[in-house]
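Next comes data.pdb, a file with PDB, C-alpha atoms.
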```pdb
ATOM      1  CA  MET Q   1       0.000   0.000   0.000  1.00  0.00           C
ATOM      2  CA  ALA Q   2       1.450   3.353  -1.077  1.00  0.00           C
ATOM      3  CA  GLU Q   3       1.235   6.708   0.657  1.00  0.00           C
ATOM      4  CA  SER Q   4      -1.379   9.200  -0.470  1.00  0.00           C
ATOM      5  CA  TYR Q   5      -2.479  12.748   0.127  1.00  0.00           C
ATOM      6  CA  SER Q   6      -5.830  14.488  -0.172  1.00  0.00           C
ATOM      7  CA  TYR Q   7      -7.294  17.966  -0.332  1.00  0.00           C
ATOM      8  CA  THR Q   8     -10.454  19.859  -1.251  1.00  0.00           C
ATOM      9  CA  ILE Q   9     -10.896  21.579  -4.599  1.00  0.00           C
ATOM     10  CA  GLN Q  10     -13.652  23.575  -6.272  1.00  0.00           C
ATOM     11  CA  LEU Q  11     -15.191  22.718  -9.645  1.00  0.00           C
ATOM     12  CA  GLN Q  12     -17.581  24.587 -11.893  1.00  0.00           C
ATOM     13  CA  SER Q  13     -20.674  22.744 -13.055  1.00  0.00           C
ATOM     14  CA  GLY Q  14     -22.534  25.158 -15.271  1.00  0.00           C
ATOM     15  CA  THR Q  15     -23.182  28.172 -13.043  1.00  0.00           C
ATOM     16  CA  LYS Q  16     -22.732  26.146  -9.851  1.00  0.00           C
ATOM     17  CA  SER Q  17     -19.539  25.904  -7.834  1.00  0.00           C
ATOM     18  CA  LEU Q  18     -19.035  22.447  -6.298  1.00  0.00           C
ATOM     19  CA  ASN Q  19     -16.613  21.339  -3.604  1.00  0.00           C
ATOM     20  CA  ALA Q  20     -14.849  18.057  -4.208  1.00  0.00           C
ATOM     21  CA  PHE Q  21     -12.475  15.854  -2.232  1.00  0.00           C
ATOM     22  CA  LEU Q  22      -9.403  14.742  -4.214  1.00  0.00           C
ATOM     23  CA  ALA Q  23      -7.146  11.902  -3.073  1.00  0.00           C
ATOM     24  CA  ARG Q  24      -4.104  10.710  -4.987  1.00  0.00           C
ATOM     25  CA  PRO Q  25      -0.939   8.674  -4.618  1.00  0.00           C
ATOM     26  CA  LEU Q  26       1.988  10.595  -3.163  1.00  0.00           C
ATOM     27  CA  ALA Q  27       4.501   9.252  -5.701  1.00  0.00           C
ATOM     28  CA  GLU Q  28       4.807  11.020  -9.044  1.00  0.00           C
ATOM     29  CA  GLY Q  29       3.504   9.033 -11.978  1.00  0.00           C
ATOM     30  CA  SER Q  30       0.568   8.300 -14.212  1.00  0.00           C
ATOM     31  CA  TYR Q  31      -2.511   6.816 -12.511  1.00  0.00           C
ATOM     32  CA  PRO Q  32      -6.013   5.792 -13.527  1.00  0.00           C
ATOM     33  CA  ALA Q  33      -8.659   8.194 -12.215  1.00  0.00           C
ATOM     34  CA  ILE Q  34     -12.053   7.523 -10.633  1.00  0.00           C
ATOM     35  CA  VAL Q  35     -15.029   9.765  -9.868  1.00  0.00           C
ATOM     36  CA  VAL Q  36     -16.544   8.467  -6.613  1.00  0.00           C
ATOM     37  CA  GLY Q  37     -20.156   9.278  -5.704  1.00  0.00           C
ATOM     38  CA  HIS Q  38     -21.443   9.784  -2.178  1.00  0.00           C
ATOM     39  CA  GLU Q  39     -24.480   8.278  -0.495  1.00  0.00           C
ATOM     40  CA  TRP Q  40     -27.695  10.122   0.288  1.00  0.00           C
ATOM     41  CA  ALA Q  41     -26.198  11.470   3.549  1.00  0.00           C
ATOM     42  CA  GLY Q  42     -23.809  13.661   1.544  1.00  0.00           C
ATOM     43  CA  LEU Q  43     -20.040  13.922   1.528  1.00  0.00           C
ATOM     44  CA  VAL Q  44     -19.497  12.211   4.885  1.00  0.00           C
ATOM     45  CA  ASP Q  45     -16.462  10.203   6.010  1.00  0.00           C
ATOM     46  CA  HIS Q  46     -17.267   6.974   4.114  1.00  0.00           C
ATOM     47  CA  PRO Q  47     -16.740   8.176   0.522  1.00  0.00           C
ATOM     48  CA  LYS Q  48     -13.654  10.121   1.625  1.00  0.00           C
ATOM     49  CA  THR Q  49     -12.236   6.975   3.223  1.00  0.00           C
ATOM     50  CA  VAL Q  50     -12.957   5.009   0.036  1.00  0.00           C
ATOM     51  CA  ALA Q  51     -11.165   7.692  -1.994  1.00  0.00           C
ATOM     52  CA  ILE Q  52      -8.117   7.568   0.284  1.00  0.00           C
ATOM     53  CA  ARG Q  53      -8.009   3.755   0.182  1.00  0.00           C
ATOM     54  CA  LEU Q  54      -8.165   3.812  -3.619  1.00  0.00           C
ATOM     55  CA  ALA Q  55      -5.416   6.457  -3.745  1.00  0.00           C
ATOM     56  CA  ARG Q  56      -3.213   4.194  -1.648  1.00  0.00           C
ATOM     57  CA  GLU Q  57      -3.798   1.465  -4.233  1.00  0.00           C
ATOM     58  CA  GLY Q  58      -2.699   3.709  -7.109  1.00  0.00           C
ATOM     59  CA  TYR Q  59      -5.766   5.682  -8.246  1.00  0.00           C
ATOM     60  CA  ILE Q  60      -6.520   9.375  -8.399  1.00  0.00           C
ATOM     61  CA  THR Q  61      -9.993   9.735  -6.887  1.00  0.00           C
ATOM     62  CA  LEU Q  62     -12.447  12.604  -6.815  1.00  0.00           C
ATOM     63  CA  VAL Q  63     -15.600  12.751  -4.668  1.00  0.00           C
ATOM     64  CA  ILE Q  64     -17.920  15.606  -5.659  1.00  0.00           C
ATOM     65  CA  ASP Q  65     -20.181  17.145  -3.007  1.00  0.00           C
ATOM     66  CA  LEU Q  66     -23.514  17.267  -4.795  1.00  0.00           C
ATOM     67  CA  PHE Q  67     -25.354  18.673  -1.760  1.00  0.00           C
ATOM     68  CA  GLY Q  68     -23.323  21.859  -1.296  1.00  0.00           C
ATOM     69  CA  GLY Q  69     -22.044  20.972   2.167  1.00  0.00           C
ATOM     70  CA  LYS Q  70     -25.369  19.747   3.564  1.00  0.00           C
ATOM     71  CA  ARG Q  71     -25.379  16.440   5.473  1.00  0.00           C
ATOM     72  CA  GLY Q  72     -28.254  14.188   6.413  1.00  0.00           C
ATOM     73  CA  ARG Q  73     -28.237  12.829   9.957  1.00  0.00           C
ATOM     74  CA  THR Q  74     -31.632  11.133   9.962  1.00  0.00           C
ATOM     75  CA  MET Q  75     -33.382   9.062   7.317  1.00  0.00           C
ATOM     76  CA  ASP Q  76     -35.857  11.903   6.748  1.00  0.00           C
ATOM     77  CA  GLU Q  77     -33.019  14.402   6.222  1.00  0.00           C
ATOM     78  CA  CYS Q  78     -31.205  12.028   3.848  1.00  0.00           C
ATOM     79  CA  LYS Q  79     -34.397  11.383   1.893  1.00  0.00           C
ATOM     80  CA  ALA Q  80     -35.065  15.125   1.581  1.00  0.00           C
ATOM     81  CA  LEU Q  81     -31.506  15.763   0.352  1.00  0.00           C
ATOM     82  CA  SER Q  82     -31.596  12.976  -2.229  1.00  0.00           C
ATOM     83  CA  GLU Q  83     -35.028  14.024  -3.494  1.00  0.00           C
ATOM     84  CA  SER Q  84     -33.850  17.630  -3.873  1.00  0.00           C
ATOM     85  CA  LEU Q  85     -31.165  16.580  -6.372  1.00  0.00           C
ATOM     86  CA  SER Q  86     -32.175  16.122  -9.990  1.00  0.00           C
ATOM     87  CA  ASP Q  87     -30.555  13.524 -12.199  1.00  0.00           C
ATOM     88  CA  SER Q  88     -29.418  16.268 -14.550  1.00  0.00           C
ATOM     89  CA  GLU Q  89     -27.679  18.164 -11.706  1.00  0.00           C
ATOM     90  CA  ALA Q  90     -25.959  14.985 -10.517  1.00  0.00           C
ATOM     91  CA  ILE Q  91     -24.768  13.971 -13.988  1.00  0.00           C
ATOM     92  CA  ALA Q  92     -23.555  17.527 -14.672  1.00  0.00           C
ATOM     93  CA  GLY Q  93     -21.568  17.403 -11.420  1.00  0.00           C
ATOM     94  CA  TYR Q  94     -19.964  14.068 -12.279  1.00  0.00           C
ATOM     95  CA  ARG Q  95     -19.195  15.260 -15.808  1.00  0.00           C
ATOM     96  CA  SER Q  96     -17.445  18.309 -14.308  1.00  0.00           C
ATOM     97  CA  GLY Q  97     -15.385  15.900 -12.227  1.00  0.00           C
ATOM     98  CA  LEU Q  98     -14.465  13.832 -15.271  1.00  0.00           C
ATOM     99  CA  GLU Q  99     -13.471  16.983 -17.170  1.00  0.00           C
ATOM    100  CA  PHE Q 100     -11.271  18.063 -14.262  1.00  0.00           C
ATOM    101  CA  LEU Q 101      -9.609  14.629 -14.078  1.00  0.00           C
ATOM    102  CA  LYS Q 102      -8.903  14.766 -17.828  1.00  0.00           C
ATOM    103  CA  THR Q 103      -6.900  17.972 -17.295  1.00  0.00           C
ATOM    104  CA  MET Q 104      -4.536  16.296 -14.833  1.00  0.00           C
ATOM    105  CA  ASP Q 105      -1.218  15.211 -16.319  1.00  0.00           C
ATOM    106  CA  ALA Q 106      -1.121  12.262 -13.927  1.00  0.00           C
ATOM    107  CA  ALA Q 107      -4.512  10.887 -15.108  1.00  0.00           C
ATOM    108  CA  PRO Q 108      -4.490   9.495 -18.665  1.00  0.00           C
ATOM    109  CA  GLN Q 109      -7.817  10.129 -20.394  1.00  0.00           C
ATOM    110  CA  LYS Q 110      -8.210   6.523 -21.472  1.00  0.00           C
ATOM    111  CA  ARG Q 111      -8.154   5.298 -17.860  1.00  0.00           C
ATOM    112  CA  LEU Q 112     -11.245   6.913 -16.305  1.00  0.00           C
ATOM    113  CA  GLY Q 113     -13.765   5.169 -14.113  1.00  0.00           C
ATOM    114  CA  ALA Q 114     -16.745   5.866 -11.876  1.00  0.00           C
ATOM    115  CA  LEU Q 115     -17.812   4.316  -8.581  1.00  0.00           C
ATOM    116  CA  GLY Q 116     -21.111   4.858  -6.804  1.00  0.00           C
ATOM    117  CA  PHE Q 117     -22.778   3.886  -3.555  1.00  0.00           C
ATOM    118  CA  CYS Q 118     -26.513   3.758  -2.933  1.00  0.00           C
ATOM    119  CA  MET Q 119     -27.974   6.984  -4.398  1.00  0.00           C
ATOM    120  CA  SER Q 120     -24.854   7.659  -6.444  1.00  0.00           C
ATOM    121  CA  GLY Q 121     -24.867   4.062  -7.659  1.00  0.00           C
ATOM    122  CA  ARG Q 122     -28.000   4.885  -9.629  1.00  0.00           C
ATOM    123  CA  HIS Q 123     -26.306   8.044 -10.871  1.00  0.00           C
ATOM    124  CA  MET Q 124     -23.367   5.975 -12.114  1.00  0.00           C
ATOM    125  CA  TYR Q 125     -25.707   3.796 -14.169  1.00  0.00           C
ATOM    126  CA  LEU Q 126     -26.996   6.993 -15.795  1.00  0.00           C
ATOM    127  CA  LEU Q 127     -23.497   8.429 -16.214  1.00  0.00           C
ATOM    128  CA  ALA Q 128     -22.262   5.207 -17.835  1.00  0.00           C
ATOM    129  CA  SER Q 129     -25.045   5.426 -20.408  1.00  0.00           C
ATOM    130  CA  GLN Q 130     -23.855   8.910 -21.441  1.00  0.00           C
ATOM    131  CA  ALA Q 131     -20.111   9.240 -20.774  1.00  0.00           C
ATOM    132  CA  THR Q 132     -18.336   7.258 -23.464  1.00  0.00           C
ATOM    133  CA  GLU Q 133     -14.922   8.180 -22.022  1.00  0.00           C
ATOM    134  CA  LEU Q 134     -15.450   5.863 -19.034  1.00  0.00           C
ATOM    135  CA  SER Q 135     -13.472   2.626 -19.110  1.00  0.00           C
ATOM    136  CA  ALA Q 136     -15.141   1.107 -16.058  1.00  0.00           C
ATOM    137  CA  VAL Q 137     -18.065   1.691 -13.691  1.00  0.00           C
ATOM    138  CA  ALA Q 138     -18.708  -0.037 -10.362  1.00  0.00           C
ATOM    139  CA  VAL Q 139     -21.974   0.251  -8.452  1.00  0.00           C
ATOM    140  CA  PHE Q 140     -22.542  -0.710  -4.819  1.00  0.00           C
ATOM    141  CA  TYR Q 141     -26.164  -0.844  -3.622  1.00  0.00           C
ATOM    142  CA  GLY Q 142     -27.371   1.300  -6.509  1.00  0.00           C
ATOM    143  CA  ARG Q 143     -30.902   0.851  -7.779  1.00  0.00           C
ATOM    144  CA  PRO Q 144     -31.251   0.610 -11.541  1.00  0.00           C
ATOM    145  CA  GLN Q 145     -34.890   1.685 -11.103  1.00  0.00           C
ATOM    146  CA  ASN Q 146     -36.341   4.679  -9.296  1.00  0.00           C
ATOM    147  CA  ALA Q 147     -38.708   4.152  -6.414  1.00  0.00           C
ATOM    148  CA  ARG Q 148     -40.984   6.352  -8.534  1.00  0.00           C
ATOM    149  CA  ILE Q 149     -40.590   8.453 -11.661  1.00  0.00           C
ATOM    150  CA  SER Q 150     -40.554  12.174 -10.857  1.00  0.00           C
ATOM    151  CA  GLU Q 151     -39.686  15.460 -12.504  1.00  0.00           C
ATOM    152  CA  LYS Q 152     -36.222  15.374 -10.893  1.00  0.00           C
ATOM    153  CA  GLN Q 153     -35.670  11.679 -11.626  1.00  0.00           C
ATOM    154  CA  PRO Q 154     -37.452  11.125 -14.951  1.00  0.00           C
ATOM    155  CA  VAL Q 155     -35.869   7.858 -16.145  1.00  0.00           C
ATOM    156  CA  HIS Q 156     -34.986   4.443 -14.784  1.00  0.00           C
TER
END
```
Let me see the structure of the file written as C-alpha cells.
Amino acid sequence: MAESYSYTIQLQSGTKSLNAFLARPLAEGSYPAIVVGHEWAGLVDHPKTVAIRLAREGYITLVIDLFGGKRGRTMDECKALSESLSDSEAIAGYRSGLEFLKTMDAAPQKRLGALGFCMSGRHMYLLASQATELSAVAVFYGRPQNARISEKQPVH
C-alpha cells in the first residue's frame, strides 16, 4: 500500500460551484482516475475513506459534493436531500469531475472510471449510459430503477 495525500478543490458545473475531495498517490507518476459518488447522507467520512483507500492502491480519486455541504443525519433528512437533487444536476456534477480529471497530467484520459454507492450508484448507471470516455463503472447498492418516476428523476 502506497502513501497518499488528499485535499479539497472547487469545480464549476454550469453556473454552480461544487466542492470536491481529491485523493491521490503521493509518488509522481501516471494513474487511472475515478469519480466516486457519495451516499444520500452527503459527503461524509465513508466516501472520503474510500477515496483515500483507492489512492493508496494507485488511483486518483475525486468525490464531488452534490449537496453543497449539507449532510443528512436522519433518514428523513437524507431522503429530503436525495429528493432535492435532480438527475441532470448529478450527472452535470460528475461530468465536471471527469473533465477536471482529464486535465490532470497524472490521469491518462483513457483510464477513467466511476464508482457509486446507494444513491450515487444509480447516478453511475446513468453516467455510464452517457459518458463514453469511461473505461469502467462499479456500483454498490445502486438501484437501476427509481422508487418512482418524478420530474427530478425522470428515467430508470
Resolved residues for the PyMOL selection byres ((chain Q and resi 123-127) around 8) as a list in words
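This file gives the following for the PyMOL selection byres ((chain Q and resi 123-127) around 8): Gly37, Asp87, Ala90, Ile91, Tyr94, Ala114, Leu115, Gly116, Met119, Ser120, Gly121, Arg122, Ala128, Ser129, Gln130, Ala131, Val137, Ala138, Val139 and Pro144 of chain Q.
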Store the residues of this selection in a file with C-alpha atoms, as a compact mmCIF listing (two decimals), in the frame of the given file.
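Resulting contents of out-v4.txt:
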```
# COMPACT_ATOMS: atom_id res chain seq x y z
CA GLY Q 37 -20.16 9.28 -5.70
CA ASP Q 87 -30.56 13.52 -12.20
CA ALA Q 90 -25.96 14.98 -10.52
CA ILE Q 91 -24.77 13.97 -13.99
CA TYR Q 94 -19.96 14.07 -12.28
CA ALA Q 114 -16.74 5.87 -11.88
CA LEU Q 115 -17.81 4.32 -8.58
CA GLY Q 116 -21.11 4.86 -6.80
CA MET Q 119 -27.97 6.98 -4.40
CA SER Q 120 -24.85 7.66 -6.44
CA GLY Q 121 -24.87 4.06 -7.66
CA ARG Q 122 -28.00 4.88 -9.63
CA ALA Q 128 -22.26 5.21 -17.84
CA SER Q 129 -25.04 5.43 -20.41
CA GLN Q 130 -23.86 8.91 -21.44
CA ALA Q 131 -20.11 9.24 -20.77
CA VAL Q 137 -18.07 1.69 -13.69
CA ALA Q 138 -18.71 -0.04 -10.36
CA VAL Q 139 -21.97 0.25 -8.45
CA PRO Q 144 -31.25 0.61 -11.54
```
Do you know which residues are at most 12 Å from Q:Glu151 counting all atoms listed in the file, after dropping those on the same chain fewer than 4 positions away, and could you put them as number ranges by chain?
Q: 83-88, 146, 155
Restricting the calculation to all atoms listed in the file, which member of Q:Lys102, Q:Lys110, Q:Arg95, Q:Arg148 is positioned closest to Q:Leu18?
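Closest residue, counting all atoms listed in the file: Q:Arg95.
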Hits of the PyMOL selection byres ((chain Q and resi 49) around 12) in this structure, as number ranges by chain
Q: 4-6, 21-23, 36, 38, 43-48, 50-56, 61-63
Go through the shown structure with the PyMOL selection byres ((chain Q and resi 11) around 8) and write out the matching residues as a count of residues only.
11
Name the residues within 12 Å of (-31.3, 12.4, 6.5), counting all atoms listed in the file in the file's coordinates, and put them as a ChimeraX atom specification.
/Q:39-42,44,67,70-84
Residues from the last selection, C-alpha atoms, saved as a PDB file, in the frame of the given file:
```pdb
ATOM      1  CA  GLU Q  39     -24.480   8.278  -0.495  1.00  0.00           C
ATOM      2  CA  TRP Q  40     -27.695  10.122   0.288  1.00  0.00           C
ATOM      3  CA  ALA Q  41     -26.198  11.470   3.549  1.00  0.00           C
ATOM      4  CA  GLY Q  42     -23.809  13.661   1.544  1.00  0.00           C
ATOM      5  CA  VAL Q  44     -19.497  12.211   4.885  1.00  0.00           C
ATOM      6  CA  PHE Q  67     -25.354  18.673  -1.760  1.00  0.00           C
ATOM      7  CA  LYS Q  70     -25.369  19.747   3.564  1.00  0.00           C
ATOM      8  CA  ARG Q  71     -25.379  16.440   5.473  1.00  0.00           C
ATOM      9  CA  GLY Q  72     -28.254  14.188   6.413  1.00  0.00           C
ATOM     10  CA  ARG Q  73     -28.237  12.829   9.957  1.00  0.00           C
ATOM     11  CA  THR Q  74     -31.632  11.133   9.962  1.00  0.00           C
ATOM     12  CA  MET Q  75     -33.382   9.062   7.317  1.00  0.00           C
ATOM     13  CA  ASP Q  76     -35.857  11.903   6.748  1.00  0.00           C
ATOM     14  CA  GLU Q  77     -33.019  14.402   6.222  1.00  0.00           C
ATOM     15  CA  CYS Q  78     -31.205  12.028   3.848  1.00  0.00           C
ATOM     16  CA  LYS Q  79     -34.397  11.383   1.893  1.00  0.00           C
ATOM     17  CA  ALA Q  80     -35.065  15.125   1.581  1.00  0.00           C
ATOM     18  CA  LEU Q  81     -31.506  15.763   0.352  1.00  0.00           C
ATOM     19  CA  SER Q  82     -31.596  12.976  -2.229  1.00  0.00           C
ATOM     20  CA  GLU Q  83     -35.028  14.024  -3.494  1.00  0.00           C
ATOM     21  CA  SER Q  84     -33.850  17.630  -3.873  1.00  0.00           C
TER      22      SER Q  84
END
```
Here is a test: counting all atoms listed in the file, which residue of Q:Gln109, Q:Thr15, Q:Thr8, Q:Ser150 is nearest to Q:Ile34?
Q:Gln109
I'd like to know which of Q:Tyr141, Q:Glu89, Q:Glu28, Q:Ser135 is closest to Q:Lys16, using only C-alpha atoms.
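Nearest to Q:Lys16: Q:Glu89.
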Nearest to Q:Tyr59 among Q:Gly142, Q:Pro25, Q:Gly93, Q:Pro108, with distances taken over only C-alpha atoms: which residue is it?
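For Q:Tyr59, the nearest of the candidates is Q:Pro25.
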How many Å separate atom CA of Q:Ala106 from atom CA of Q:Val35?
14.7 Å
For atom CA of Q:Tyr31 and atom CA of Q:Ile60, quote the distance in Å rounded to one decimal.
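Between atom CA of Q:Tyr31 and atom CA of Q:Ile60 the gap works out to 6.3 Å.
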Between atom CA of Q:Arg111 and atom CA of Q:Ala33, what is the distance, to one decimal in Å?
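Result for atom CA of Q:Arg111 versus atom CA of Q:Ala33: 6.4 Å, one decimal.
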Of the residues Q:Ala107, Q:Ala27, Q:Ile149, Q:Leu112, which is the one nearest to Q:Thr132, using all atoms listed in the file?
Q:Leu112
From Q:Glu133, Q:Arg24, Q:Tyr7, Q:Gly29, residue lying nearest Q:Asp105 [all atoms listed in the file]
Q:Gly29
Complete stretch 108-134 of chain Q with N, CA, C and O atoms (output as a PDB file, in the coordinates of the input).
```pdb
ATOM      1  N   PRO Q 108      -4.273   9.681 -17.224  1.00  0.00           N
ATOM      2  CA  PRO Q 108      -4.490   9.495 -18.665  1.00  0.00           C
ATOM      3  C   PRO Q 108      -5.982   9.394 -18.989  1.00  0.00           C
ATOM      4  O   PRO Q 108      -6.728   8.729 -18.300  1.00  0.00           O
ATOM      5  N   GLN Q 109      -6.398  10.068 -20.056  1.00  0.00           N
ATOM      6  CA  GLN Q 109      -7.817  10.129 -20.394  1.00  0.00           C
ATOM      7  C   GLN Q 109      -8.431   8.779 -20.724  1.00  0.00           C
ATOM      8  O   GLN Q 109      -9.634   8.605 -20.615  1.00  0.00           O
ATOM      9  N   LYS Q 110      -7.654   7.831 -21.116  1.00  0.00           N
ATOM     10  CA  LYS Q 110      -8.210   6.523 -21.472  1.00  0.00           C
ATOM     11  C   LYS Q 110      -8.366   5.611 -20.261  1.00  0.00           C
ATOM     12  O   LYS Q 110      -8.765   4.468 -20.408  1.00  0.00           O
ATOM     13  N   ARG Q 111      -8.071   6.117 -19.071  1.00  0.00           N
ATOM     14  CA  ARG Q 111      -8.154   5.298 -17.860  1.00  0.00           C
ATOM     15  C   ARG Q 111      -9.030   5.996 -16.824  1.00  0.00           C
ATOM     16  O   ARG Q 111      -8.604   6.295 -15.731  1.00  0.00           O
ATOM     17  N   LEU Q 112     -10.294   6.245 -17.187  1.00  0.00           N
ATOM     18  CA  LEU Q 112     -11.245   6.913 -16.305  1.00  0.00           C
ATOM     19  C   LEU Q 112     -12.337   5.939 -15.879  1.00  0.00           C
ATOM     20  O   LEU Q 112     -12.839   5.163 -16.697  1.00  0.00           O
ATOM     21  N   GLY Q 113     -12.704   6.025 -14.617  1.00  0.00           N
ATOM     22  CA  GLY Q 113     -13.765   5.169 -14.113  1.00  0.00           C
ATOM     23  C   GLY Q 113     -14.695   5.936 -13.197  1.00  0.00           C
ATOM     24  O   GLY Q 113     -14.448   7.101 -12.863  1.00  0.00           O
ATOM     25  N   ALA Q 114     -15.773   5.276 -12.795  1.00  0.00           N
ATOM     26  CA  ALA Q 114     -16.745   5.866 -11.876  1.00  0.00           C
ATOM     27  C   ALA Q 114     -17.192   4.793 -10.893  1.00  0.00           C
ATOM     28  O   ALA Q 114     -17.302   3.623 -11.248  1.00  0.00           O
ATOM     29  N   LEU Q 115     -17.438   5.223  -9.667  1.00  0.00           N
ATOM     30  CA  LEU Q 115     -17.812   4.316  -8.581  1.00  0.00           C
ATOM     31  C   LEU Q 115     -18.912   4.975  -7.772  1.00  0.00           C
ATOM     32  O   LEU Q 115     -18.768   6.142  -7.380  1.00  0.00           O
ATOM     33  N   GLY Q 116     -20.007   4.261  -7.545  1.00  0.00           N
ATOM     34  CA  GLY Q 116     -21.111   4.858  -6.804  1.00  0.00           C
ATOM     35  C   GLY Q 116     -21.665   3.954  -5.728  1.00  0.00           C
ATOM     36  O   GLY Q 116     -21.630   2.730  -5.857  1.00  0.00           O
ATOM     37  N   PHE Q 117     -22.170   4.584  -4.687  1.00  0.00           N
ATOM     38  CA  PHE Q 117     -22.778   3.886  -3.555  1.00  0.00           C
ATOM     39  C   PHE Q 117     -24.211   4.371  -3.382  1.00  0.00           C
ATOM     40  O   PHE Q 117     -24.458   5.582  -3.340  1.00  0.00           O
ATOM     41  N   CYS Q 118     -25.129   3.427  -3.260  1.00  0.00           N
ATOM     42  CA  CYS Q 118     -26.513   3.758  -2.933  1.00  0.00           C
ATOM     43  C   CYS Q 118     -27.061   4.768  -3.943  1.00  0.00           C
ATOM     44  O   CYS Q 118     -27.126   4.476  -5.125  1.00  0.00           O
ATOM     45  N   MET Q 119     -27.424   5.968  -3.509  1.00  0.00           N
ATOM     46  CA  MET Q 119     -27.974   6.984  -4.398  1.00  0.00           C
ATOM     47  C   MET Q 119     -27.049   7.231  -5.592  1.00  0.00           C
ATOM     48  O   MET Q 119     -27.504   7.286  -6.734  1.00  0.00           O
ATOM     49  N   SER Q 120     -25.776   7.375  -5.341  1.00  0.00           N
ATOM     50  CA  SER Q 120     -24.854   7.659  -6.444  1.00  0.00           C
ATOM     51  C   SER Q 120     -24.620   6.431  -7.313  1.00  0.00           C
ATOM     52  O   SER Q 120     -24.164   6.568  -8.453  1.00  0.00           O
ATOM     53  N   GLY Q 121     -24.934   5.252  -6.816  1.00  0.00           N
ATOM     54  CA  GLY Q 121     -24.867   4.062  -7.659  1.00  0.00           C
ATOM     55  C   GLY Q 121     -25.819   4.187  -8.837  1.00  0.00           C
ATOM     56  O   GLY Q 121     -25.469   3.898  -9.982  1.00  0.00           O
ATOM     57  N   ARG Q 122     -27.034   4.647  -8.562  1.00  0.00           N
ATOM     58  CA  ARG Q 122     -28.000   4.885  -9.629  1.00  0.00           C
ATOM     59  C   ARG Q 122     -27.479   5.955 -10.583  1.00  0.00           C
ATOM     60  O   ARG Q 122     -27.584   5.825 -11.803  1.00  0.00           O
ATOM     61  N   HIS Q 123     -26.876   6.995 -10.018  1.00  0.00           N
ATOM     62  CA  HIS Q 123     -26.306   8.044 -10.871  1.00  0.00           C
ATOM     63  C   HIS Q 123     -25.231   7.469 -11.794  1.00  0.00           C
ATOM     64  O   HIS Q 123     -25.103   7.896 -12.940  1.00  0.00           O
ATOM     65  N   MET Q 124     -24.447   6.541 -11.290  1.00  0.00           N
ATOM     66  CA  MET Q 124     -23.367   5.975 -12.114  1.00  0.00           C
ATOM     67  C   MET Q 124     -23.913   5.143 -13.265  1.00  0.00           C
ATOM     68  O   MET Q 124     -23.326   5.100 -14.338  1.00  0.00           O
ATOM     69  N   TYR Q 125     -25.059   4.475 -13.043  1.00  0.00           N
ATOM     70  CA  TYR Q 125     -25.707   3.796 -14.169  1.00  0.00           C
ATOM     71  C   TYR Q 125     -26.054   4.822 -15.252  1.00  0.00           C
ATOM     72  O   TYR Q 125     -25.818   4.594 -16.443  1.00  0.00           O
ATOM     73  N   LEU Q 126     -26.623   5.947 -14.839  1.00  0.00           N
ATOM     74  CA  LEU Q 126     -26.996   6.993 -15.795  1.00  0.00           C
ATOM     75  C   LEU Q 126     -25.761   7.596 -16.461  1.00  0.00           C
ATOM     76  O   LEU Q 126     -25.750   7.820 -17.674  1.00  0.00           O
ATOM     77  N   LEU Q 127     -24.727   7.865 -15.673  1.00  0.00           N
ATOM     78  CA  LEU Q 127     -23.497   8.429 -16.214  1.00  0.00           C
ATOM     79  C   LEU Q 127     -22.873   7.486 -17.239  1.00  0.00           C
ATOM     80  O   LEU Q 127     -22.438   7.911 -18.310  1.00  0.00           O
ATOM     81  N   ALA Q 128     -22.863   6.198 -16.924  1.00  0.00           N
ATOM     82  CA  ALA Q 128     -22.262   5.207 -17.835  1.00  0.00           C
ATOM     83  C   ALA Q 128     -22.997   5.162 -19.171  1.00  0.00           C
ATOM     84  O   ALA Q 128     -22.387   4.890 -20.206  1.00  0.00           O
ATOM     85  N   SER Q 129     -24.289   5.447 -19.156  1.00  0.00           N
ATOM     86  CA  SER Q 129     -25.045   5.426 -20.408  1.00  0.00           C
ATOM     87  C   SER Q 129     -24.755   6.652 -21.280  1.00  0.00           C
ATOM     88  O   SER Q 129     -25.114   6.663 -22.452  1.00  0.00           O
ATOM     89  N   GLN Q 130     -24.102   7.666 -20.707  1.00  0.00           N
ATOM     90  CA  GLN Q 130     -23.855   8.910 -21.441  1.00  0.00           C
ATOM     91  C   GLN Q 130     -22.380   9.243 -21.650  1.00  0.00           C
ATOM     92  O   GLN Q 130     -22.038   9.909 -22.612  1.00  0.00           O
ATOM     93  N   ALA Q 131     -21.526   8.835 -20.735  1.00  0.00           N
ATOM     94  CA  ALA Q 131     -20.111   9.240 -20.774  1.00  0.00           C
ATOM     95  C   ALA Q 131     -19.279   8.147 -21.436  1.00  0.00           C
ATOM     96  O   ALA Q 131     -18.822   7.208 -20.784  1.00  0.00           O
ATOM     97  N   THR Q 132     -19.052   8.284 -22.712  1.00  0.00           N
ATOM     98  CA  THR Q 132     -18.336   7.258 -23.464  1.00  0.00           C
ATOM     99  C   THR Q 132     -16.858   7.177 -23.089  1.00  0.00           C
ATOM    100  O   THR Q 132     -16.200   6.200 -23.409  1.00  0.00           O
ATOM    101  N   GLU Q 133     -16.339   8.205 -22.401  1.00  0.00           N
ATOM    102  CA  GLU Q 133     -14.922   8.180 -22.022  1.00  0.00           C
ATOM    103  C   GLU Q 133     -14.633   7.263 -20.841  1.00  0.00           C
ATOM    104  O   GLU Q 133     -13.474   6.995 -20.527  1.00  0.00           O
ATOM    105  N   LEU Q 134     -15.663   6.755 -20.181  1.00  0.00           N
ATOM    106  CA  LEU Q 134     -15.450   5.863 -19.034  1.00  0.00           C
ATOM    107  C   LEU Q 134     -14.987   4.487 -19.491  1.00  0.00           C
ATOM    108  O   LEU Q 134     -15.562   3.901 -20.400  1.00  0.00           O
TER     109      LEU Q 134
END
```
